[in-house]
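Colleague: Take a look at the following structure, please.
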Amino acid sequence: MRDKNVFAHTRALPRMSWSPHNLYNLWKRSFGPKVSESTFDRTSKTLFQQRWISKRLVRAYHGDHINEKTFKRWYLPTTLPDVRPRRSALGGALSLVKWAKRQGEADQMQKQMEREAKAALAPVGSLMFSEVERRIDVFIFRCCFAHSVYEARRLVIHGNVKLNGKEHTNANTRLAPGDMVSVDPSAIRFLQRRHQSDTEVNTVTRADNVDAAPTEASQADDANAGPEGKETSQAENGDAAEAQGAEAPQGEDTTGVPEWRTPVGVPGQPWTKDLSLTPFVLPDYAAPFIFIPAYIELSFATCSAVYVRHPTARPGYSEIPTPYDADGEVVRLAWEWYAKRRPRMRSRSQLESMPDNRRTRE
């Protein structure tokens, strides 16, 4: 990762990460003080400035670890429909027909305008990131196997990922429909046991000392109390033991079993975790990022996933996750920026440097 300060609160640029700092930046861009920077309804900024700001916002989330030149050359679709909403040409004609008092024709034009309004355009602007979603490191992050896209890239480079059953170490590979990606469970962080921190150890030590202090004091009192006090304390201990024996369930031998390893399923006793199962420890504040896109078929039991198809969009819905409105002004202005500044010519030497692009499953 070239930029260590990717979660800076001053810039507040959302990234592909589960970090609490990233969640705070996402809040600032969605509801906090940074909302006004991406709202261009009433602004003094030029069209060039609006497009550049929009490009900066979307690129910070969609593949910020990809070089800008590489992104423009290889990760933009060749063709994309117009991202601007259609303006019906019937508006002016309708007023003219009404002025001519041709009511029947005016009613037909009005119904046609209503049909066009209902058949809204799909948010095709978000599809300019479909090639980024095909990358194997982004795919692993979408499967929730890694805390961030940077960690997913590290898993691929370090040989913890298999593509169709073979070890794969190229994080720039773009998947084809039907490809299966498997991740080594020992490399997934939230499937490992959480180590006891120093703070927890100190807390337990202090609690043990507090519990031990009354015991030592009671022993001193018994020594000073004489024979009568000892007999009284022994009688009290005997009554407590009988009470514990009466509470224990019949037919279950709990001798020598610590309280924290109470057998699971014993009536009248608290539930405890089965330490033989695989742990599942999610990081704090990860809930907003736990979702699986529709183009992924996932199996947590085998730590593998299948790239079913390329992401699509339909009216009112886009399968590409993005922190911004998929059909909003930010995505549209970003597409307009790249539509004017994308490289057109691809020579033979440039084609040789193209990242691995799997067209079909081998």
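Every chain in the structure tokens has a letter given in the order shown (A, B, ...), and although residue numbers restart at 1 in each chain, ligands are simply numbered from 1 in the order shown.
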Find the residues around Tyr317 of chain A up to 9 Å (only C-alpha atoms counted), leave out those fewer than 5 positions away in its own chain, and share them as a list of chain:residue names.

Modeller: A:Ala122, A:Pro123, A:Thr312, A:Ala326, A:Asp327

Colleague: Generate a file of the selected residues that holds C-alpha atoms, formatted as a PDB file, in the first residue's frame.

Modeller:
ATOM      1  CA  ALA A 122     -30.732   1.665 -15.128  1.00  0.00           C
ATOM      2  CA  PRO A 123     -27.748   3.109 -13.205  1.00  0.00           C
ATOM      3  CA  THR A 312     -25.256  -5.955 -14.019  1.00  0.00           C
ATOM      4  CA  ALA A 326     -25.198   4.451  -8.266  1.00  0.00           C
ATOM      5  CA  ASP A 327     -27.254   6.798 -10.447  1.00  0.00           C
TER       6      ASP A 327
END

Colleague: Identify, on the basis of only C-alpha atoms, every residue whose closest approach to Cys143 of chain A does not exceed 12 Å; exclude the query and any residue fewer than 3 positions from it along the same chain; express the result as a PyMOL selection string.

Modeller: chain A and resi 133+136-140+146-149+152+180-183+188+289-300+303-307

Colleague: Save out the residues we just selected, C-alpha atoms, as a short mmCIF file (atom, residue, chain, number, x, y, z; two decimals), in the first residue's frame.

Modeller:
data_model
loop_
_atom_site.label_atom_id
_atom_site.label_comp_id
_atom_site.auth_asym_id
_atom_site.auth_seq_id
_atom_site.Cartn_x
_atom_site.Cartn_y
_atom_site.Cartn_z
CA GLU A 133 -14.93 -6.02 -9.53
CA ILE A 136 -9.30 -11.51 -7.78
CA ASP A 137 -8.24 -9.33 -4.82
CA VAL A 138 -11.46 -7.28 -4.99
CA PHE A 139 -13.42 -10.52 -5.37
CA ILE A 140 -11.88 -11.93 -2.17
CA ALA A 146 -10.39 -10.34 4.15
CA HIS A 147 -10.73 -7.20 6.26
CA SER A 148 -9.68 -4.96 3.37
CA VAL A 149 -8.76 -5.13 -0.28
CA ALA A 152 -6.89 -9.61 0.10
CA MET A 180 -13.75 -20.75 -8.29
CA VAL A 181 -11.50 -19.04 -5.75
CA SER A 182 -10.46 -20.80 -2.51
CA VAL A 183 -8.71 -19.21 0.45
CA ILE A 188 -8.40 -15.72 7.35
CA PHE A 289 -19.64 -4.10 5.48
CA ILE A 290 -20.85 -7.73 5.78
CA PHE A 291 -22.81 -8.39 2.58
CA ILE A 292 -22.39 -10.59 -0.49
CA PRO A 293 -23.12 -9.22 -4.01
CA ALA A 294 -25.56 -11.12 -6.22
CA TYR A 295 -22.92 -12.26 -8.74
CA ILE A 296 -21.03 -14.32 -6.11
CA GLU A 297 -21.88 -17.84 -4.93
CA LEU A 298 -20.17 -18.27 -1.58
CA SER A 299 -19.49 -21.16 0.80
CA PHE A 300 -18.03 -20.31 4.20
CA CYS A 303 -13.81 -20.98 2.31
CA SER A 304 -14.42 -20.85 -1.42
CA ALA A 305 -16.56 -18.82 -3.80
CA VAL A 306 -17.58 -18.90 -7.46
CA TYR A 307 -17.66 -15.88 -9.74
#

Colleague: How many Å lie between atom CA of Ser186 of chain A and atom CA of Ile66 of chain A, rounded to one decimal?

Modeller: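 Separation between atom CA of Ser186 of chain A and atom CA of Ile66 of chain A: 27.3 Å.
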
Colleague: When you count only C-alpha atoms, which of these residues is closest to Lys4 of chain A: A:His65, A:Ser30, A:Ser349, A:Pro321?

Modeller: A:His65

Colleague: Rank A:Ala12, A:Val156, A:Leu23, A:Leu76 by their smallest atom-to-atom distance to Gly125 of chain A, using only C-alpha atoms, and report the top residue only.

Modeller: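 The closest residue to Gly125 of chain A is A:Leu76.
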
Colleague: Between atom CA of Leu127 of chain A and atom CA of Trp337 of chain A, what distance in Å does the model show, to one decimal?

Modeller: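 A separation of 14.9 Å between them.
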